[in-house]
Each structure stands twice: as C-alpha cells, then as structure tokens.
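Here is the structure we will look at.
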Amino acid sequence: MPFPSVLPSAHVAGPRHLRVDGVSKTYGTRRVLTDVSLVVPAGDRACLIGENGSGKSTLLRVVGGLTPPDTGAVDAPGTVALHHQEPPFDVSLTVDQVLAGATAPVHRLVSRVEHAGEALARGEPGAGAALDAAVEAARRHHAWDLEHRTDRVLHGLGLAALTRDRRADGLSGGQLSRLSLALTLLRSPDTLLLDEPTNHLDDTGTQLLVELLRSWAGPVLLASHDRAFLDEVATTVLDLDPTPLPHARVADDDDSPGSGYGLRRYTGSYTAYLQQRREDRRRWVRQHRDEQAELARLRRRVADDHTVGHADRGPRTEARASRKFYADRNAKVVARRVNDASVALERLEREQVRRPPALLRFRGLGTPGPDRLRPGDADPLVIADEAGVESRLAPLDLVVPARARLLVTGSNGSGKSTLLALLAGSLAPTAGALTRAAGLRVGLLTQEPRRGGAEGTAREVYARHVGHQRAEQRPLAGSGLLADRDLDRPVVELSVGQRRRLDLAVVLADPPDLLLLDEPTNHLSLLLVSELELALPGYPGAVVVASHDRWLREDWAGDRLDLSA
C-alpha cells in the first residue's frame, strides 16, 4: 500500500502527550541510542539537537514506527506521520495521486460525521457519542477546510505550478522533498515528526511551516539544523550529545561525540539553549577536573594512612602493658582513617562523572597548494556573459574575481544550484557563454551527499576520491569532520550529515581556487556550520555560497546575488 492509513483510533478523544521511555538502539556494534526518555506535551514543539551521527534520525524513525527499538517503548497519541529523507510513497505515482492519497483519510472523516449524523437521526444507541467523536476528529484533522489548506500548502511550498499528471520520479530532489512534506502536513496527524524539514524550503515555505507548527494541536518532535527556524518554533530543545552521567553507567570510555547516552532537556529557544549549553559544558569540565584531583588525593591517603604517628618509635616505658596500649590505639586510628578514606574513594569512583568527550573541531578550509592560480584579488576566475540554462536559469552576466565572497540567494526554482553547476563546469550553458581562467581548479559541495562511489569505509572512500598520496598528505582523521570511531565504518552506515561531512572533506583535501558551497548548512551539525561560516572570510581563494539559511544570510559580509530579482 503506498499510503498507510491515518484514520485516528476510535478511543483517541484528543491530542495527548508523546512519551518515549528508555529507548535504546544498536546497529551491529554501533550504539546509537541508549536509554533515551522524553515527554512532548500536546501543543509543544520539541527540537532534537546533536552532532551528526548522534541518533536524531534514528530516534524519529523509532517514534514513527519505522525502526523497532532494541529496548524501551513509545506511546504516540493518535495518528503519527514522519517526514524524513525518503518519500513515503511510490515515486511512480503522479502528483495528483500523491495528494489524493494524502487527503483521502481526512475526506473519510467527513463521511464518518455524515454517517454518525444519519445514525443519530435513526435513533441508534450511542449515536450521539459517536457523532461527537467524529466531529472532534474532523475538526482536529482540519477536514472542514481541507481544500483551502491544500492550496495554501502547495503554494507555500512552491508546488502550485506543478502539473498534477507529472510523475513524482520526474521531479527534482528538492521538489520531491517538498512534495513529501506537503503529504505529511496535509495528513494532519495527531503526532507530527519532522526530519530536517527546511532543507529545501525558501523563505516562503519556511514561513508557512512556522505558522502551521505554531498552531499544531498535537505534539511535534523535529530535528533541524536551521538556526533561525529553531529560534522561531522551538518550545523545548532536546540535546542528544553526551551528558555528564556517572562514569559507572557508561559501558565504554567512548569520548567521541554523539555516543548515544540519554538526552538533556532545555526549555526555550535555540539561542537560549546555546547559552545554557556552554555553561553546562564548563560546569561538566570543571566537575570532572575537580573529581579527578580528589580521586588522586584519596588514593594517596589510602596508601599513606596505614600508619599513624611514628610507628617505629617505641613507647617511653618498656612496660609490656604500655606497648600493648599504644599498639592497639595505633591500629584503631589507622583502621578508622583507612576505612573513612576507602569509603570516600569507593563512593567517588562509583559516582564520578564520565570524561567530557572531545568536541569535533573543524580544522578549517585549508590553503590551495603550490599549483594554485595566483591572480590579483580583482582578476576574474569566471566570466558569465548572458549565460543561462533553458527552463532552469535565466541568462545573466557575472564576474567572479579571485577573492570573491559571493552569496547567491533566491526562491526555489530560481536557479541557484544550476548556477553553481555552471561555475563548476559540470553543466554547460544553453545560452550565452562562460569563460574560466586557464588552470582553474574548482570544488563543489552539492546539496545532498554524493550517491556514487560509496562502497567501503569512510577512510577508504576518501582515499579513492582524492588519491592515496593526497590522503596521506591530508588525512581524513586530521580534518575534524569525522570522529575517530567513524573513520573505519562503512559509509552506508553513516548518517546523512556524516556522509555530507565526508563530501566536504573530499572537496577540501586539495583546496580549490574556487570553492562552491550549495546549501552548506543542510544536514551539517550546528557547531560545524558555525565553524564553517567563521572560516569563510579567511579562505585565500574565491568562495560562492548558495543558501536559504536566514542566519547565514543575516551575517554575510560579502557580495550578494539574488536570482529572484
């Protein structure tokens, strides 16, 4: 069945809390989630935060019923819908069939009201209660204004212009993602789960989503790296990065980020979370340092306190009774002190917090090698003369100088990705001309992780793409993009964000003269995005960024090109 049923159970009288109790999940030897518990009340919007690979998507799939947990339980009220990376429908369907499948269960709610009304008119027992329940379900799922809601969603997500008989497998990746999001929203589930919902949304689409979420009656659990979006919608932030649990509770001494133990809850916006998390990290580091110092002191005391006073000095009198008295007293004092220190040591060894894991630190964009172009700052690397691509990018004139810092913006479909593909040379213009400097080296980070050549471990794939000599000169382990424990994991087991980190490492293995970044904040962790933004101004080559990210756009200090104009 291409569309699972979304009709609410008869016993669901209204939205309740979403509860996750002690959920753990392991893939092979890879622990992803350990003892995760949370509660999201109806009307709350809880946002999952964490490093790439910390288990955000896995947790959403467990809550959505797509992945069974190893242990633990999930209680999700009413109907549940998850928007995630793969479309929840057969891509051979047409747009019209996808929309019809999404809205059919809601249409059936109207029929349920009609049937209950007819039963009440016939005087059937219990018909009144059934009618009340049917009306409430129809109201909760927006059945009365479904047509208006459908038009609003399609227009806001930039899908209104799609012909309804077009097959889904003929859509672009961004269109397919937005159609999947439209399906999820139009189903009006009681429990809404969203995995990176703004990745392919422009400002109009993001604003629509913000408005819908703010009025959502049931619990909402989402994962996003869109900082401005999180600031607008989050009522609670749930951090899946490692927490200061007692060392004894941690199965291994894994100091990699995202090691999957529990989660921490922060109330308020993303900005408030950032401030609180920095303070929590400082307290954790300080507590661990102080506890280690106290452990060392107690161990020395246990070793030193086996004697007290001057054990080798005899009593002043040689009387046998005196010798026995002093020996007994000395033994009691020693025993008491050793016992006190041992008890304190055992307690602290049991209760000490785990070591704060080392944070992944991005090592920067690097410097183009000795064979780099060395033009003047204003010399052009690429010149576009009325260059365009039919139905994808209107002809434009553009000069990209050697030290360019250019931000490309525009609504969905305006041609941002197409322009970067032209600059990269992976796409030829169908109109006008494009001229590149001789010997120009270009690196392009695409919106989504590369699909081909992903067989093998992360380290092997990296070496295959950049060459073994380059991999030795600039090893993946030194990039600060993947944790040590993930370097020798098969790429197919990495999260989407980790695979995109790998793609970025490949691009930067031999830093290009012209660095092209297409939606660089998609899928990447919030910490890495911030570090990447800080590194851009100092890059010695040219940088062109295409992005919807409002946070990035607000702080951009270079030139801008708006393709919507």
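Each chain in the structure tokens gets a letter, A, B and so on, in the order shown; residues start at 1 in every chain, and ligands are counted from 1 in the order they appear.
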
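With only C-alpha atoms taken into account, the protein and nucleic acid residues at most 6 Å from segment 152-160 of chain A (excluding it and anything under 5 positions from it in its own chain) are Thr204, Gly205 and Leu208 of chain A.
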
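With only C-alpha atoms taken into account, the protein and nucleic acid residues at most 9 Å from Trp216 of chain A (excluding it and anything under 6 positions from it in its own chain) are Ala42, Gly43, Asp44, Arg45, Ser188, Asp190 and Leu192 of chain A.
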
Could you write those residues out with all heavy atoms, as a PDB file, in the first residue's frame?
ATOM      1  N   ALA A  42       1.118  17.786  24.231  1.00  0.00           N
ATOM      2  CA  ALA A  42       0.337  18.294  23.103  1.00  0.00           C
ATOM      3  C   ALA A  42       0.527  19.803  23.005  1.00  0.00           C
ATOM      4  O   ALA A  42       0.469  20.517  24.003  1.00  0.00           O
ATOM      5  CB  ALA A  42      -1.139  17.953  23.291  1.00  0.00           C
ATOM      6  N   GLY A  43       0.793  20.279  21.794  1.00  0.00           N
ATOM      7  CA  GLY A  43       0.993  21.700  21.571  1.00  0.00           C
ATOM      8  C   GLY A  43       2.434  22.145  21.700  1.00  0.00           C
ATOM      9  O   GLY A  43       2.772  23.268  21.308  1.00  0.00           O
ATOM     10  N   ASP A  44       3.317  21.300  22.225  1.00  0.00           N
ATOM     11  CA  ASP A  44       4.732  21.641  22.333  1.00  0.00           C
ATOM     12  C   ASP A  44       5.471  21.247  21.065  1.00  0.00           C
ATOM     13  O   ASP A  44       5.076  20.318  20.346  1.00  0.00           O
ATOM     14  CB  ASP A  44       5.370  20.934  23.529  1.00  0.00           C
ATOM     15  CG  ASP A  44       5.278  21.756  24.799  1.00  0.00           C
ATOM     16  OD1 ASP A  44       4.411  22.662  24.840  1.00  0.00           O
ATOM     17  OD2 ASP A  44       6.045  21.504  25.733  1.00  0.00           O
ATOM     18  N   ARG A  45       6.578  21.942  20.826  1.00  0.00           N
ATOM     19  CA  ARG A  45       7.420  21.664  19.661  1.00  0.00           C
ATOM     20  C   ARG A  45       8.836  21.423  20.172  1.00  0.00           C
ATOM     21  O   ARG A  45       9.569  22.371  20.488  1.00  0.00           O
ATOM     22  CB  ARG A  45       7.367  22.831  18.676  1.00  0.00           C
ATOM     23  CG  ARG A  45       5.959  23.095  18.171  1.00  0.00           C
ATOM     24  CD  ARG A  45       5.872  24.338  17.313  1.00  0.00           C
ATOM     25  NE  ARG A  45       6.195  25.563  18.032  1.00  0.00           N
ATOM     26  CZ  ARG A  45       5.348  26.243  18.797  1.00  0.00           C
ATOM     27  NH1 ARG A  45       4.104  25.791  18.964  1.00  0.00           N
ATOM     28  NH2 ARG A  45       5.716  27.351  19.422  1.00  0.00           N
ATOM     29  N   SER A 188      -2.407  15.874   8.401  1.00  0.00           N
ATOM     30  CA  SER A 188      -2.806  16.435   9.708  1.00  0.00           C
ATOM     31  C   SER A 188      -2.739  15.393  10.822  1.00  0.00           C
ATOM     32  O   SER A 188      -3.725  15.147  11.517  1.00  0.00           O
ATOM     33  CB  SER A 188      -4.218  17.024   9.634  1.00  0.00           C
ATOM     34  OG  SER A 188      -4.274  18.089   8.727  1.00  0.00           O
ATOM     35  N   ASP A 190      -1.996  13.510  14.418  1.00  0.00           N
ATOM     36  CA  ASP A 190      -2.000  13.952  15.809  1.00  0.00           C
ATOM     37  C   ASP A 190      -0.575  14.178  16.307  1.00  0.00           C
ATOM     38  O   ASP A 190      -0.301  15.149  17.011  1.00  0.00           O
ATOM     39  CB  ASP A 190      -2.698  12.911  16.696  1.00  0.00           C
ATOM     40  CG  ASP A 190      -4.170  12.793  16.362  1.00  0.00           C
ATOM     41  OD1 ASP A 190      -4.912  13.759  16.599  1.00  0.00           O
ATOM     42  OD2 ASP A 190      -4.565  11.735  15.859  1.00  0.00           O
ATOM     43  N   LEU A 192       3.243  14.759  15.042  1.00  0.00           N
ATOM     44  CA  LEU A 192       3.983  15.169  13.846  1.00  0.00           C
ATOM     45  C   LEU A 192       5.477  15.044  14.109  1.00  0.00           C
ATOM     46  O   LEU A 192       6.005  15.591  15.082  1.00  0.00           O
ATOM     47  CB  LEU A 192       3.631  16.613  13.487  1.00  0.00           C
ATOM     48  CG  LEU A 192       4.339  17.205  12.260  1.00  0.00           C
ATOM     49  CD1 LEU A 192       3.991  16.406  11.002  1.00  0.00           C
ATOM     50  CD2 LEU A 192       3.968  18.678  12.090  1.00  0.00           C
TER      51      LEU A 192
END

task: Just the residues within 7 Å of segment 286-300 of chain A, please, counting only C-alpha atoms, with nothing from its chain fewer than 3 positions along; format it as a ChimeraX atom specification.
output: /A:282-283,303-304,341,345,352-353,355

Between atom CA of Ala505 of chain A and atom CA of Pro475 of chain A lies a distance of 9.3 Å

| Can you tell me how far atom CA of Ser391 of chain A sits from atom CA of Ala437 of chain A, in Å to one decimal? |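 About the pair atom CA of Ser391 of chain A and atom CA of Ala437 of chain A: they are 27.2 Å apart.
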
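Each of A:Gly101, A:Gly541, A:Gly128, A:Gly480 was compared to Val113 of chain A using only C-alpha atoms, and A:Gly128 turns out to be the nearest.
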
Exercise. Any idea what's packed within 12 Å of Ser177 of chain A, counting only C-alpha atoms, ignoring anything in its chain fewer than 6 positions away? Could you give it as number ranges by chain?
Worked result: A: 83-89, 91, 157-159, 168-169, 171, 183-184, 194-201, 448

So which residues touch Glu386 of chain A within 12 Å, counting only C-alpha atoms, skipping near sequence neighbours fewer than 4 positions away, as a VMD selection string? chain A and resid 393 to 399 429 to 435

Write to file, as an mmCIF file, in the first residue's frame, the residues of the selection just made, with C-alpha atoms.
data_model
loop_
_atom_site.group_PDB
_atom_site.id
_atom_site.type_symbol
_atom_site.label_atom_id
_atom_site.label_comp_id
_atom_site.auth_asym_id
_atom_site.auth_seq_id
_atom_site.Cartn_x
_atom_site.Cartn_y
_atom_site.Cartn_z
ATOM 1 C CA LEU A 393 18.398 29.643 -15.070
ATOM 2 C CA ALA A 394 17.637 32.948 -16.733
ATOM 3 C CA PRO A 395 20.600 34.431 -18.686
ATOM 4 C CA LEU A 396 22.837 36.583 -16.518
ATOM 5 C CA ASP A 397 26.118 38.466 -16.525
ATOM 6 C CA LEU A 398 28.516 37.634 -13.703
ATOM 7 C CA VAL A 399 32.183 38.119 -12.905
ATOM 8 C CA PRO A 429 25.034 26.838 -20.681
ATOM 9 C CA THR A 430 22.333 26.582 -23.323
ATOM 10 C CA ALA A 431 22.528 30.330 -23.887
ATOM 11 C CA GLY A 432 25.372 32.825 -23.714
ATOM 12 C CA ALA A 433 28.940 31.953 -22.817
ATOM 13 C CA LEU A 434 31.002 31.082 -19.768
ATOM 14 C CA THR A 435 34.759 31.712 -19.656
#

Leaving out Leu238 of chain A and any residue of its chain fewer than 5 positions from it, which residues lie within 6 Å of it when counting only C-alpha atoms, given as a VMD selection string?
chain A and resid 47 to 49 264 to 265

Checklist entry - So which residues touch Val492 of chain A within 9 Å, counting only C-alpha atoms, skipping near sequence neighbours fewer than 2 positions away, as a VMD selection string? => result chain A and resid 454 to 457 489 to 490 494 to 495 499

Mind pulling up the distance from atom CA of Leu240 of chain A to atom CA of Leu263 of chain A?
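So the two atoms, atom CA of Leu263 of chain A and atom CA of Leu240 of chain A, lie 4.7 Å apart.
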
key: Which residue of A:Pro520, A:Pro69, A:Pro41, A:Pro356 approaches Gly22 of chain A most closely, using only C-alpha atoms   =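 Under the stated criterion, the closest residue is A:Pro69.
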
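Among the candidates A:Val507, A:Val302, A:Ala272, A:Val389, the one nearest to Thr446 of chain A when counting only C-alpha atoms is A:Val507.
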